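Content type mmCIF, C-alpha atoms, from the file protein10.cif:
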data_my_file
loop_
_atom_site.label_atom_id
_atom_site.label_comp_id
_atom_site.auth_asym_id
_atom_site.auth_seq_id
_atom_site.Cartn_x
_atom_site.Cartn_y
_atom_site.Cartn_z
CA MET A 60 -91.87 46.18 148.77
CA ASP A 61 -91.08 45.70 145.11
CA PHE A 62 -87.94 43.60 145.04
CA MET A 63 -85.98 41.13 142.97
CA ILE A 64 -83.41 38.52 143.89
CA THR A 65 -80.98 37.69 141.10
CA THR A 66 -77.49 36.39 140.53
CA ALA A 67 -75.08 39.19 141.40
CA THR A 68 -73.27 40.91 138.54
CA GLU A 69 -70.03 42.86 138.36
CA ALA A 70 -71.74 46.23 138.89
CA ASP A 71 -73.00 45.04 142.31
CA GLY A 72 -69.48 44.72 143.71
CA PRO A 73 -69.18 48.12 145.42
CA GLN A 74 -72.62 47.86 147.05
CA ILE A 75 -71.92 44.33 148.28
CA GLN A 76 -68.63 45.41 149.78
CA SER A 77 -70.23 48.47 151.35
CA ILE A 78 -73.05 46.42 152.94
CA THR A 79 -70.53 44.04 154.44
CA ALA A 80 -68.53 46.88 155.95
CA SER A 81 -71.56 48.80 157.22
CA THR A 82 -73.29 46.08 159.24
CA GLY A 83 -70.88 46.73 162.10
CA VAL A 84 -70.87 43.06 163.05
CA PHE A 85 -67.97 41.80 160.96
CA ASN A 86 -64.29 42.40 161.62
CA GLN A 87 -61.83 43.48 158.94
CA GLU A 88 -60.66 39.94 158.15
CA GLU A 89 -64.28 38.89 157.63
CA VAL A 90 -65.00 41.91 155.43
CA ASP A 91 -61.89 41.16 153.38
CA SER A 92 -62.97 37.54 152.93
CA VAL A 93 -66.07 38.69 151.07
CA GLY A 94 -63.82 40.65 148.71
CA VAL A 95 -61.71 37.56 148.04
CA MET A 96 -64.80 35.45 147.31
CA TRP A 97 -66.22 38.17 145.08
CA THR A 98 -63.03 38.39 143.00
CA GLU A 99 -62.92 34.61 142.55
CA TYR A 100 -66.61 34.57 141.65
CA LEU A 101 -66.11 37.26 138.97
CA THR A 102 -62.93 35.85 137.48
CA LEU A 103 -63.68 32.11 137.63
CA GLY A 104 -67.48 31.98 137.67
CA SER A 105 -69.71 30.17 140.16
CA ASP A 106 -68.80 26.62 139.18
CA ASP A 107 -65.03 26.97 139.31
CA SER A 108 -64.87 29.34 142.28
CA GLY A 109 -67.45 27.40 144.28
CA TYR A 110 -69.13 30.70 145.25
CA HIS A 111 -72.65 31.62 144.23
CA PHE A 112 -73.74 35.22 144.91
CA LEU A 113 -77.34 36.37 145.10
CA ALA A 114 -78.26 40.05 145.31
CA TYR A 115 -81.49 41.45 146.70
CA ARG A 116 -82.46 44.53 144.66
CA ASP A 117 -84.91 47.33 145.15
CA GLY A 118 -84.62 49.23 141.86
CA ASP A 119 -80.93 50.09 141.44
CA ARG A 120 -80.13 49.58 145.08
CA VAL A 121 -78.70 46.34 146.46
CA LEU A 122 -80.15 45.86 149.95
CA GLY A 123 -78.52 42.57 150.78
CA PHE A 124 -76.65 39.58 149.44
CA ALA A 125 -76.09 35.88 150.09
CA ILE A 126 -73.14 33.63 149.26
CA TYR A 127 -73.40 29.86 149.20
CA GLY A 128 -71.56 27.00 147.56
CA PRO A 129 -70.90 23.25 147.68
CA ARG A 130 -68.85 21.92 150.58
CA GLU A 131 -65.78 20.09 149.32
CA LEU A 132 -65.47 16.36 149.96
CA THR A 133 -69.18 16.01 150.73
CA ASP A 134 -72.08 14.60 148.80
CA ARG A 135 -74.54 17.47 148.09
CA VAL A 136 -73.87 19.53 151.21
CA PHE A 137 -73.75 23.32 150.79
CA ASP A 138 -72.22 26.04 152.93
CA LEU A 139 -74.10 29.25 153.45
CA TYR A 140 -71.03 31.49 153.66
CA TRP A 141 -72.70 34.86 154.11
CA ILE A 142 -75.99 36.62 154.40
CA ALA A 143 -75.79 40.36 154.98
CA VAL A 144 -78.42 43.07 154.87
CA ASP A 145 -77.95 46.83 154.61
CA PRO A 146 -78.44 48.32 158.11
CA THR A 147 -81.03 50.75 156.71
CA ALA A 148 -83.11 47.86 155.37
CA GLN A 149 -83.21 45.52 158.37
CA CYS A 150 -86.40 43.82 159.59
CA LYS A 151 -88.14 44.00 156.22
CA GLY A 152 -87.68 40.38 155.27
CA VAL A 153 -84.60 40.97 153.10
CA GLY A 154 -82.60 38.29 154.93
CA ARG A 155 -85.55 35.90 154.99
CA ASN A 156 -86.10 36.27 151.27
CA LEU A 157 -82.38 35.88 150.52
CA LEU A 158 -82.13 32.74 152.63
CA THR A 159 -85.25 31.23 151.04
CA ALA A 160 -83.90 32.01 147.56
CA SER A 161 -80.55 30.43 148.49
CA GLU A 162 -82.27 27.30 149.74
CA GLU A 163 -84.31 27.06 146.55
CA ALA A 164 -81.18 27.45 144.45
CA VAL A 165 -79.35 24.80 146.47
CA ARG A 166 -82.32 22.45 146.16
CA ALA A 167 -82.37 23.04 142.40
CA MET A 168 -78.69 22.01 142.28
CA GLY A 169 -79.57 18.78 144.08
CA GLY A 170 -78.35 19.89 147.50
CA ARG A 171 -79.61 18.00 150.54
CA MET A 172 -78.13 19.99 153.45
CA LEU A 173 -77.25 23.60 154.20
CA ILE A 174 -74.69 24.60 156.83
CA ALA A 175 -74.52 28.06 158.37
CA GLU A 176 -71.71 28.74 160.79
CA THR A 177 -72.15 31.59 163.22
CA SER A 178 -70.88 32.87 166.51
CA GLY A 179 -72.18 32.32 170.03
CA THR A 180 -71.65 35.90 171.24
CA PRO A 181 -74.53 38.26 172.12
CA TYR A 182 -73.74 40.24 168.94
CA TYR A 183 -74.93 37.27 166.91
CA GLU A 184 -78.09 36.56 168.83
CA PRO A 185 -80.22 38.05 166.04
CA ALA A 186 -78.42 35.78 163.56
CA ARG A 187 -79.06 32.69 165.71
CA LYS A 188 -82.74 33.61 166.17
CA PHE A 189 -82.98 34.13 162.42
CA TYR A 190 -81.65 30.65 161.66
CA PHE A 191 -83.94 29.02 164.22
CA ALA A 192 -86.92 30.90 162.77
CA MET A 193 -85.94 29.68 159.30
CA GLY A 194 -86.00 26.04 160.40
CA TYR A 195 -82.31 25.48 161.14
CA GLU A 196 -81.07 23.44 164.10
CA ASN A 197 -77.95 24.18 166.11
CA GLU A 198 -76.50 20.69 165.71
CA ALA A 199 -72.92 21.30 166.78
CA MET A 200 -70.80 23.73 168.75
CA ILE A 201 -67.08 24.27 169.28
CA LYS A 202 -66.21 26.26 172.34
CA ASP A 203 -63.73 29.15 171.97
CA PHE A 204 -63.47 28.62 168.23
CA TYR A 205 -63.27 32.14 166.83
CA THR A 206 -61.50 33.54 169.88
CA PRO A 207 -61.41 32.48 173.54
CA GLY A 208 -64.98 33.16 174.69
CA ASP A 209 -66.40 33.21 171.15
CA ASP A 210 -67.89 29.83 170.25
CA LEU A 211 -68.67 28.39 166.83
CA MET A 212 -72.35 27.44 166.40
CA ILE A 213 -73.10 25.19 163.43
CA PHE A 214 -76.66 25.52 162.14
CA ILE A 215 -78.01 22.85 159.81
CA LYS A 216 -81.06 22.55 157.62
CA ARG A 217 -81.81 19.35 155.75
CA ILE A 218 -83.72 20.23 152.59
CA MET B 282 -36.46 3.03 163.88
CA ASP B 283 -34.16 5.76 162.63
CA PHE B 284 -36.41 8.47 161.31
CA MET B 285 -36.68 12.17 160.66
CA ILE B 286 -39.62 14.48 160.36
CA THR B 287 -39.00 17.54 158.22
CA THR B 288 -40.79 20.09 156.10
CA ALA B 289 -41.69 18.38 152.83
CA THR B 290 -39.77 19.39 149.72
CA GLU B 291 -40.60 19.19 146.02
CA ALA B 292 -38.93 15.78 145.57
CA ASP B 293 -41.37 14.26 148.10
CA GLY B 294 -44.39 14.96 145.87
CA PRO B 295 -44.66 11.57 144.13
CA GLN B 296 -44.27 9.61 147.38
CA ILE B 297 -46.85 11.76 149.15
CA GLN B 298 -49.32 11.29 146.34
CA SER B 299 -48.65 7.56 146.24
CA ILE B 300 -49.16 7.16 150.01
CA THR B 301 -52.49 8.98 149.78
CA ALA B 302 -53.68 6.70 146.98
CA SER B 303 -52.43 3.49 148.57
CA THR B 304 -54.09 3.74 151.97
CA GLY B 305 -57.32 2.49 150.45
CA VAL B 306 -59.39 4.67 152.76
CA PHE B 307 -59.68 7.84 150.70
CA ASN B 308 -61.86 8.33 147.64
CA GLN B 309 -60.64 9.92 144.42
CA GLU B 310 -61.86 13.40 145.32
CA GLU B 311 -59.99 13.20 148.62
CA VAL B 312 -56.83 11.95 146.91
CA ASP B 313 -57.07 14.78 144.40
CA SER B 314 -57.47 17.34 147.18
CA VAL B 315 -54.02 16.45 148.50
CA GLY B 316 -52.63 17.13 145.01
CA VAL B 317 -54.28 20.56 144.96
CA MET B 318 -52.89 21.44 148.40
CA TRP B 319 -49.45 20.19 147.38
CA THR B 320 -49.38 22.34 144.25
CA GLU B 321 -50.42 25.44 146.19
CA TYR B 322 -47.85 24.68 148.89
CA LEU B 323 -45.05 24.38 146.30
CA THR B 324 -46.01 27.40 144.23
CA LEU B 325 -47.07 29.83 146.98
CA GLY B 326 -45.23 28.55 150.05
CA SER B 327 -46.68 27.68 153.45
CA ASP B 328 -47.65 31.18 154.49
CA ASP B 329 -49.54 32.19 151.37
CA SER B 330 -51.10 28.80 150.64
CA GLY B 331 -52.04 28.18 154.28
CA TYR B 332 -50.78 24.60 153.96
CA HIS B 333 -47.85 23.22 155.94
CA PHE B 334 -46.55 19.80 154.91
CA LEU B 335 -44.44 17.56 157.14
CA ALA B 336 -42.83 14.38 155.81
CA TYR B 337 -41.76 11.40 157.90
CA ARG B 338 -38.60 9.94 156.38
CA ASP B 339 -36.72 6.71 156.82
CA GLY B 340 -33.61 7.29 154.70
CA ASP B 341 -34.86 8.22 151.22
CA ARG B 342 -38.31 6.79 151.79
CA VAL B 343 -41.24 8.91 152.87
CA LEU B 344 -43.43 6.74 155.15
CA GLY B 345 -46.08 9.31 155.95
CA PHE B 346 -47.04 12.96 155.86
CA ALA B 347 -49.15 15.51 157.68
CA ILE B 348 -50.81 18.70 156.45
CA TYR B 349 -51.97 21.44 158.77
CA GLY B 350 -52.65 25.15 158.56
CA PRO B 351 -54.41 28.09 160.21
CA ARG B 352 -58.21 28.14 160.08
CA GLU B 353 -59.44 31.32 158.40
CA LEU B 354 -61.42 33.83 160.46
CA THR B 355 -60.25 32.33 163.75
CA ASP B 356 -57.76 33.43 166.34
CA ARG B 357 -54.93 30.84 166.44
CA VAL B 358 -56.98 27.77 165.54
CA PHE B 359 -55.37 25.26 163.18
CA ASP B 360 -56.86 22.56 160.97
CA LEU B 361 -55.16 19.23 160.73
CA TYR B 362 -56.10 18.53 157.12
CA TRP B 363 -54.40 15.19 156.62
CA ILE B 364 -52.32 12.55 158.27
CA ALA B 365 -51.55 9.52 156.14
CA VAL B 366 -49.14 6.63 156.63
CA ASP B 367 -47.85 4.17 154.05
CA PRO B 368 -49.78 0.89 154.46
CA THR B 369 -46.50 -1.03 154.75
CA ALA B 370 -45.43 1.15 157.70
CA GLN B 371 -48.56 1.13 159.86
CA CYS B 372 -48.49 0.57 163.63
CA LYS B 373 -44.90 1.71 164.04
CA GLY B 374 -45.66 5.11 165.49
CA VAL B 375 -45.35 7.01 162.20
CA GLY B 376 -48.76 8.65 162.63
CA ARG B 377 -48.16 9.33 166.30
CA ASN B 378 -44.83 11.00 165.59
CA LEU B 379 -46.28 13.02 162.73
CA LEU B 380 -49.17 14.25 164.84
CA THR B 381 -46.88 15.16 167.73
CA ALA B 382 -44.57 17.04 165.37
CA SER B 383 -47.57 18.87 163.86
CA GLU B 384 -48.80 19.87 167.33
CA GLU B 385 -45.33 21.15 168.25
CA ALA B 386 -45.14 23.17 165.04
CA VAL B 387 -48.60 24.62 165.63
CA ARG B 388 -47.69 25.48 169.21
CA ALA B 389 -44.50 27.17 167.98
CA MET B 390 -46.65 29.32 165.66
CA GLY B 391 -48.76 30.37 168.63
CA GLY B 392 -51.66 28.01 167.91
CA ARG B 393 -54.07 27.24 170.73
CA MET B 394 -56.40 24.65 169.16
CA LEU B 395 -56.15 21.85 166.61
CA ILE B 396 -59.16 20.53 164.71
CA ALA B 397 -59.21 17.14 163.00
CA GLU B 398 -62.31 16.26 161.02
CA THR B 399 -62.96 12.62 160.34
CA SER B 400 -65.74 10.24 159.44
CA GLY B 401 -68.02 8.18 161.66
CA THR B 402 -67.95 5.03 159.48
CA PRO B 403 -66.33 1.75 160.62
CA TYR B 404 -63.54 2.39 158.09
CA TYR B 405 -62.41 5.33 160.19
CA GLU B 406 -62.56 3.63 163.57
CA PRO B 407 -58.74 3.37 163.70
CA ALA B 408 -58.54 7.10 162.97
CA ARG B 409 -61.00 7.93 165.75
CA LYS B 410 -59.15 5.68 168.22
CA PHE B 411 -55.92 7.33 167.18
CA TYR B 412 -57.24 10.82 167.92
CA PHE B 413 -58.66 9.75 171.28
CA ALA B 414 -55.33 8.14 172.19
CA MET B 415 -53.54 11.35 171.24
CA GLY B 416 -55.66 13.41 173.64
CA TYR B 417 -58.34 14.70 171.25
CA GLU B 418 -62.01 14.96 172.19
CA ASN B 419 -64.91 14.39 169.82
CA GLU B 420 -66.58 17.73 170.57
CA ALA B 421 -69.02 17.94 167.70
CA MET B 422 -70.79 15.76 165.14
CA ILE B 423 -72.90 16.40 162.06
CA LYS B 424 -75.05 13.49 161.00
CA ASP B 425 -74.98 12.44 157.32
CA PHE B 426 -72.38 15.06 156.48
CA TYR B 427 -70.12 13.31 153.98
CA THR B 428 -72.92 11.18 152.55
CA PRO B 429 -76.20 9.90 154.00
CA GLY B 430 -75.04 7.48 156.71
CA ASP B 431 -71.53 8.94 156.90
CA ASP B 432 -71.26 11.43 159.77
CA LEU B 433 -68.70 14.17 160.35
CA MET B 434 -66.84 13.80 163.65
CA ILE B 435 -64.93 16.89 164.78
CA PHE B 436 -61.98 16.12 167.05
CA ILE B 437 -60.42 18.94 169.04
CA LYS B 438 -57.25 19.33 171.05
CA ARG B 439 -56.54 22.50 172.98
CA ILE B 440 -52.79 22.94 173.18
#
Starting from the file, lay out its structure as structure tokens.
Amino acid sequence: MDFMITTATEADGPQIQSITASTGVFNQEEVDSVGVMWTEYLTLGSDDSGYHFLAYRDGDRVLGFAIYGPRELTDRVFDLYWIAVDPTAQCKGVGRNLLTASEEAVRAMGGRMLIAETSGTPYYEPARKFYFAMGYENEAMIKDFYTPGDDLMIFIKRI
Amino acid sequence: MDFMITTATEADGPQIQSITASTGVFNQEEVDSVGVMWTEYLTLGSDDSGYHFLAYRDGDRVLGFAIYGPRELTDRVFDLYWIAVDPTAQCKGVGRNLLTASEEAVRAMGGRMLIAETSGTPYYEPARKFYFAMGYENEAMIKDFYTPGDDLMIFIKRI
């Protein structure tokens, strides 16, 4: 595949929002949260918003995106807020390439740790397998965090 | 002691900021973060800022404060962002009363879980003992989170 991963620009907004909505995994509040981050990213920039957006492109199409940023009150720890891939482009390494690019960007900013929070439900088993395969460890868990029966799983990679 | 715990009002700002700075436990970034929350609380209100401030008063003096608010993307989980007590008023139950009042307020809003994040360093041993004594469990830990050698300890109470 001939692809490029670059900083997301204003024109990518509709495709990013549409990918988020179309995965079928995220609820409305989660979809809306991407919109809020996107608006802050566009209006304030990466440094002031704390949100860095990467877009995975195949020609004019955006096939996936990642959002990461520094965790407040920590020394060089970064949150991986989102990785989402267009449902029609799954299993082609889009997520893997986006995560690797995010890690490289975080390393270039001096980051020493990446945190990815995900859910413990069966729906998110692919996400958990993905993080394990990418070298993350499930270092902490909070039972019933998202809803009763839906645990928080904190995945960590020290880079 | 004759005290009152109420919602904090604009006039409490200087005392809240001064308590935060005078505890000697928090670094400048942490002290500043209280200022940011305070400004959002005053300008947007509790609901839109997501920050609820309680002040512990003895006459005109504010002896301590607590900040809590709903955790985004969760169902009825609340973060306890801050509890701080004036160094001249320690060990008199100010923190205990503030935490109890925060829990009651969270319960009244339908909350089912409170999360308090603190540090694993010796400096924070009183804080950790305090949470244990108040019925919290240390359910999760992330090594080297704040800085190398300074772990994140996540305390949880299900209410």
Quick one: chain A onto chain B, least squares on all Cα paired in order, result as a compact mmCIF listing (two decimals) with C-alpha atoms, keeping the file's coordinate frame?
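Contents of part_1.txt, freshly written:
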# COMPACT_ATOMS: atom_id res chain seq x y z
CA MET A 60 -36.39 3.02 163.85
CA ASP A 61 -34.10 5.74 162.58
CA PHE A 62 -36.40 8.46 161.30
CA MET A 63 -36.66 12.16 160.65
CA ILE A 64 -39.62 14.49 160.36
CA THR A 65 -38.98 17.56 158.23
CA THR A 66 -40.77 20.09 156.09
CA ALA A 67 -41.69 18.37 152.83
CA THR A 68 -39.76 19.37 149.71
CA GLU A 69 -40.57 19.18 146.02
CA ALA A 70 -38.92 15.78 145.58
CA ASP A 71 -41.37 14.26 148.10
CA GLY A 72 -44.38 14.95 145.88
CA PRO A 73 -44.66 11.57 144.14
CA GLN A 74 -44.27 9.61 147.39
CA ILE A 75 -46.85 11.77 149.16
CA GLN A 76 -49.32 11.29 146.34
CA SER A 77 -48.64 7.56 146.25
CA ILE A 78 -49.17 7.17 150.02
CA THR A 79 -52.48 8.97 149.78
CA ALA A 80 -53.67 6.72 146.98
CA SER A 81 -52.44 3.50 148.57
CA THR A 82 -54.10 3.74 151.98
CA GLY A 83 -57.34 2.49 150.44
CA VAL A 84 -59.40 4.67 152.76
CA PHE A 85 -59.69 7.83 150.69
CA ASN A 86 -61.87 8.32 147.63
CA GLN A 87 -60.64 9.92 144.42
CA GLU A 88 -61.88 13.41 145.32
CA GLU A 89 -60.01 13.19 148.62
CA VAL A 90 -56.84 11.95 146.91
CA ASP A 91 -57.09 14.78 144.39
CA SER A 92 -57.48 17.34 147.18
CA VAL A 93 -54.03 16.44 148.49
CA GLY A 94 -52.63 17.14 145.02
CA VAL A 95 -54.29 20.56 144.95
CA MET A 96 -52.89 21.44 148.39
CA TRP A 97 -49.45 20.19 147.40
CA THR A 98 -49.37 22.34 144.25
CA GLU A 99 -50.42 25.44 146.20
CA TYR A 100 -47.85 24.67 148.89
CA LEU A 101 -45.05 24.38 146.29
CA THR A 102 -46.01 27.41 144.23
CA LEU A 103 -47.08 29.82 146.99
CA GLY A 104 -45.22 28.54 150.05
CA SER A 105 -46.67 27.67 153.45
CA ASP A 106 -47.64 31.19 154.51
CA ASP A 107 -49.54 32.19 151.39
CA SER A 108 -51.10 28.80 150.66
CA GLY A 109 -52.04 28.18 154.29
CA TYR A 110 -50.76 24.59 153.97
CA HIS A 111 -47.84 23.23 155.94
CA PHE A 112 -46.53 19.79 154.92
CA LEU A 113 -44.43 17.55 157.13
CA ALA A 114 -42.82 14.38 155.81
CA TYR A 115 -41.76 11.40 157.89
CA ARG A 116 -38.57 9.93 156.39
CA ASP A 117 -36.70 6.71 156.83
CA GLY A 118 -33.60 7.28 154.70
CA ASP A 119 -34.85 8.19 151.21
CA ARG A 120 -38.28 6.78 151.79
CA VAL A 121 -41.25 8.91 152.86
CA LEU A 122 -43.41 6.76 155.15
CA GLY A 123 -46.07 9.30 155.95
CA PHE A 124 -47.04 12.95 155.85
CA ALA A 125 -49.15 15.52 157.68
CA ILE A 126 -50.81 18.71 156.45
CA TYR A 127 -51.98 21.44 158.78
CA GLY A 128 -52.65 25.15 158.56
CA PRO A 129 -54.42 28.09 160.20
CA ARG A 130 -58.21 28.16 160.08
CA GLU A 131 -59.44 31.32 158.41
CA LEU A 132 -61.43 33.83 160.45
CA THR A 133 -60.27 32.33 163.74
CA ASP A 134 -57.78 33.44 166.33
CA ARG A 135 -54.94 30.85 166.45
CA VAL A 136 -56.99 27.78 165.53
CA PHE A 137 -55.37 25.25 163.18
CA ASP A 138 -56.86 22.57 160.97
CA LEU A 139 -55.16 19.22 160.74
CA TYR A 140 -56.09 18.54 157.12
CA TRP A 141 -54.39 15.19 156.62
CA ILE A 142 -52.31 12.55 158.27
CA ALA A 143 -51.53 9.52 156.13
CA VAL A 144 -49.14 6.64 156.62
CA ASP A 145 -47.84 4.17 154.04
CA PRO A 146 -49.79 0.90 154.46
CA THR A 147 -46.51 -1.03 154.75
CA ALA A 148 -45.43 1.13 157.69
CA GLN A 149 -48.56 1.12 159.85
CA CYS A 150 -48.49 0.55 163.62
CA LYS A 151 -44.91 1.72 164.04
CA GLY A 152 -45.69 5.11 165.50
CA VAL A 153 -45.35 7.00 162.21
CA GLY A 154 -48.76 8.66 162.62
CA ARG A 155 -48.15 9.34 166.31
CA ASN A 156 -44.83 10.99 165.60
CA LEU A 157 -46.28 13.03 162.72
CA LEU A 158 -49.18 14.25 164.84
CA THR A 159 -46.88 15.16 167.74
CA ALA A 160 -44.57 17.04 165.37
CA SER A 161 -47.57 18.88 163.88
CA GLU A 162 -48.79 19.87 167.32
CA GLU A 163 -45.33 21.14 168.25
CA ALA A 164 -45.15 23.16 165.05
CA VAL A 165 -48.61 24.63 165.63
CA ARG A 166 -47.69 25.49 169.22
CA ALA A 167 -44.51 27.17 167.98
CA MET A 168 -46.66 29.31 165.65
CA GLY A 169 -48.77 30.37 168.63
CA GLY A 170 -51.68 28.03 167.91
CA ARG A 171 -54.09 27.25 170.73
CA MET A 172 -56.41 24.65 169.17
CA LEU A 173 -56.16 21.86 166.61
CA ILE A 174 -59.16 20.53 164.70
CA ALA A 175 -59.22 17.15 162.99
CA GLU A 176 -62.31 16.27 161.01
CA THR A 177 -62.97 12.62 160.34
CA SER A 178 -65.73 10.25 159.44
CA GLY A 179 -68.02 8.19 161.66
CA THR A 180 -67.96 5.03 159.51
CA PRO A 181 -66.34 1.76 160.64
CA TYR A 182 -63.55 2.38 158.10
CA TYR A 183 -62.41 5.32 160.21
CA GLU A 184 -62.56 3.63 163.57
CA PRO A 185 -58.75 3.35 163.69
CA ALA A 186 -58.54 7.09 162.95
CA ARG A 187 -61.00 7.92 165.75
CA LYS A 188 -59.15 5.67 168.22
CA PHE A 189 -55.91 7.34 167.17
CA TYR A 190 -57.24 10.82 167.92
CA PHE A 191 -58.65 9.76 171.28
CA ALA A 192 -55.33 8.13 172.18
CA MET A 193 -53.55 11.36 171.24
CA GLY A 194 -55.67 13.41 173.63
CA TYR A 195 -58.34 14.71 171.25
CA GLU A 196 -62.01 14.98 172.18
CA ASN A 197 -64.91 14.40 169.82
CA GLU A 198 -66.59 17.73 170.57
CA ALA A 199 -69.03 17.94 167.69
CA MET A 200 -70.79 15.77 165.14
CA ILE A 201 -72.91 16.39 162.06
CA LYS A 202 -75.04 13.48 161.01
CA ASP A 203 -74.98 12.44 157.33
CA PHE A 204 -72.38 15.05 156.49
CA TYR A 205 -70.13 13.31 153.98
CA THR A 206 -72.92 11.17 152.56
CA PRO A 207 -76.21 9.90 154.01
CA GLY A 208 -75.04 7.47 156.71
CA ASP A 209 -71.53 8.95 156.90
CA ASP A 210 -71.27 11.43 159.77
CA LEU A 211 -68.71 14.17 160.34
CA MET A 212 -66.83 13.81 163.65
CA ILE A 213 -64.93 16.90 164.78
CA PHE A 214 -61.99 16.12 167.05
CA ILE A 215 -60.43 18.95 169.04
CA LYS A 216 -57.26 19.33 171.05
CA ARG A 217 -56.56 22.50 172.99
CA ILE A 218 -52.80 22.97 173.19
Per residue of chain B within 7 Å of chain A, what are the shortest atom pair and its distance in Å to one decimal, counting only C-alpha atoms, with rows by chain and residue number, as a tab-separated table?
residue	atom	partner	partner_atom	distance
B:Glu310	CA	A:Leu132	CA	6.6
B:Glu311	CA	A:Leu132	CA	6.5
B:Leu354	CA	A:Glu89	CA	6.5
B:Thr355	CA	A:Tyr205	CA	4.3
B:Asp356	CA	A:Thr206	CA	5.2
B:Glu420	CA	A:Ile201	CA	6.7
B:Ala421	CA	A:Ala199	CA	5.2
B:Met422	CA	A:Ala199	CA	6.2
B:Ile423	CA	A:Glu198	CA	6.7
B:Phe426	CA	A:Thr133	CA	6.6
B:Tyr427	CA	A:Thr133	CA	4.3
B:Thr428	CA	A:Asp134	CA	5.1
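In this model, the gap between atom CA of Thr79 of chain A and atom CA of Gly104 of chain A comes to 20.9 Å.
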Shell around Asp119 of chain A at 12 Å using only C-alpha atoms, local window under 3 positions removed, as a count of residues only: 10
Enumerate, as number ranges by chain, the residues matched when the PyMOL selection byres ((chain B and resi 316) around 12) is run on the file above. B: 294-302, 309-315, 317-323, 332, 334, 348, 363
Of the candidates B:Gln371, B:Thr381, B:Thr287, B:Thr324, which shows the shortest atom-to-atom distance to Ala414 of chain B, using only C-alpha atoms?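 Of B:Gln371, B:Thr381, B:Thr287, B:Thr324, the one nearest Ala414 of chain B is B:Thr381, counting only C-alpha atoms.
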Tell me, in Å to one decimal, how far atom CA of Tyr412 of chain B is from atom CA of Glu176 of chain A.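 Those two atoms sit 24.1 Å apart.
The gap separating atom CA of Gly350 of chain B from atom CA of Ser383 of chain B is 9.7 Å, in Å to one decimal.
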10 Å contact set for Ile364 of chain B, all atoms listed in the file, chain neighbours under 2 positions out, as a list of chain:residue names: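 Contacts, with the query itself left out: B:Thr301, B:Phe334, B:Leu335, B:Ala336, B:Gly345, B:Phe346, B:Ala347, B:Ile348, B:Tyr349, B:Leu361, B:Tyr362, B:Val366, B:Val375, B:Gly376, B:Arg377, B:Leu379, B:Leu380, B:Ser383, B:Ala397, B:Ala408.
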On this file, the PyMOL selection byres ((chain B and resi 405) around 12) gives some set of residues; write that set as a PDB file with C-alpha atoms, in the coordinates of the input.
ATOM      1  CA  THR B 304     -54.090   3.740 151.970  1.00  0.00           C
ATOM      2  CA  GLY B 305     -57.320   2.490 150.450  1.00  0.00           C
ATOM      3  CA  VAL B 306     -59.390   4.670 152.760  1.00  0.00           C
ATOM      4  CA  PHE B 307     -59.680   7.840 150.700  1.00  0.00           C
ATOM      5  CA  GLU B 398     -62.310  16.260 161.020  1.00  0.00           C
ATOM      6  CA  THR B 399     -62.960  12.620 160.340  1.00  0.00           C
ATOM      7  CA  SER B 400     -65.740  10.240 159.440  1.00  0.00           C
ATOM      8  CA  GLY B 401     -68.020   8.180 161.660  1.00  0.00           C
ATOM      9  CA  THR B 402     -67.950   5.030 159.480  1.00  0.00           C
ATOM     10  CA  PRO B 403     -66.330   1.750 160.620  1.00  0.00           C
ATOM     11  CA  TYR B 404     -63.540   2.390 158.090  1.00  0.00           C
ATOM     12  CA  GLU B 406     -62.560   3.630 163.570  1.00  0.00           C
ATOM     13  CA  PRO B 407     -58.740   3.370 163.700  1.00  0.00           C
ATOM     14  CA  ALA B 408     -58.540   7.100 162.970  1.00  0.00           C
ATOM     15  CA  ARG B 409     -61.000   7.930 165.750  1.00  0.00           C
ATOM     16  CA  LYS B 410     -59.150   5.680 168.220  1.00  0.00           C
ATOM     17  CA  PHE B 411     -55.920   7.330 167.180  1.00  0.00           C
ATOM     18  CA  TYR B 412     -57.240  10.820 167.920  1.00  0.00           C
ATOM     19  CA  ASP B 431     -71.530   8.940 156.900  1.00  0.00           C
ATOM     20  CA  ASP B 432     -71.260  11.430 159.770  1.00  0.00           C
ATOM     21  CA  LEU B 433     -68.700  14.170 160.350  1.00  0.00           C
ATOM     22  CA  MET B 434     -66.840  13.800 163.650  1.00  0.00           C
TER      23      MET B 434
END
Go through A:Ile218, A:Cys150, A:Arg120, A:Glu69 one by one, measure the shortest atom-to-atom distance of each to Glu163 of chain A using all atoms listed in the file, and give the residue with the smallest value.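 Distance minimum relative to Glu163 of chain A lands on A:Ile218.
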Just checking: using all atoms listed in the file, which residue out of B:Asn419, B:Ser303, B:Ser327, B:Asn378 ends up closest to Thr288 of chain B? B:Ser327
Can you sort out segment 163-167 of chain A so it carries N, CA and C atoms, written as a tab-separated table (two decimals), in the coordinates of the input?
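File written: rebuild.tsv
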chain	number	residue	atom	x	y	z
A	163	GLU	N	-83.69	27.55	147.78
A	163	GLU	CA	-84.31	27.06	146.55
A	163	GLU	C	-83.25	26.78	145.49
A	164	ALA	N	-82.25	27.65	145.43
A	164	ALA	CA	-81.18	27.45	144.45
A	164	ALA	C	-80.38	26.19	144.78
A	165	VAL	N	-80.11	25.99	146.06
A	165	VAL	CA	-79.35	24.80	146.47
A	165	VAL	C	-80.16	23.53	146.17
A	166	ARG	N	-81.45	23.59	146.45
A	166	ARG	CA	-82.32	22.45	146.16
A	166	ARG	C	-82.32	22.16	144.65
A	167	ALA	N	-82.36	23.22	143.85
A	167	ALA	CA	-82.37	23.04	142.40
A	167	ALA	C	-81.06	22.42	141.91
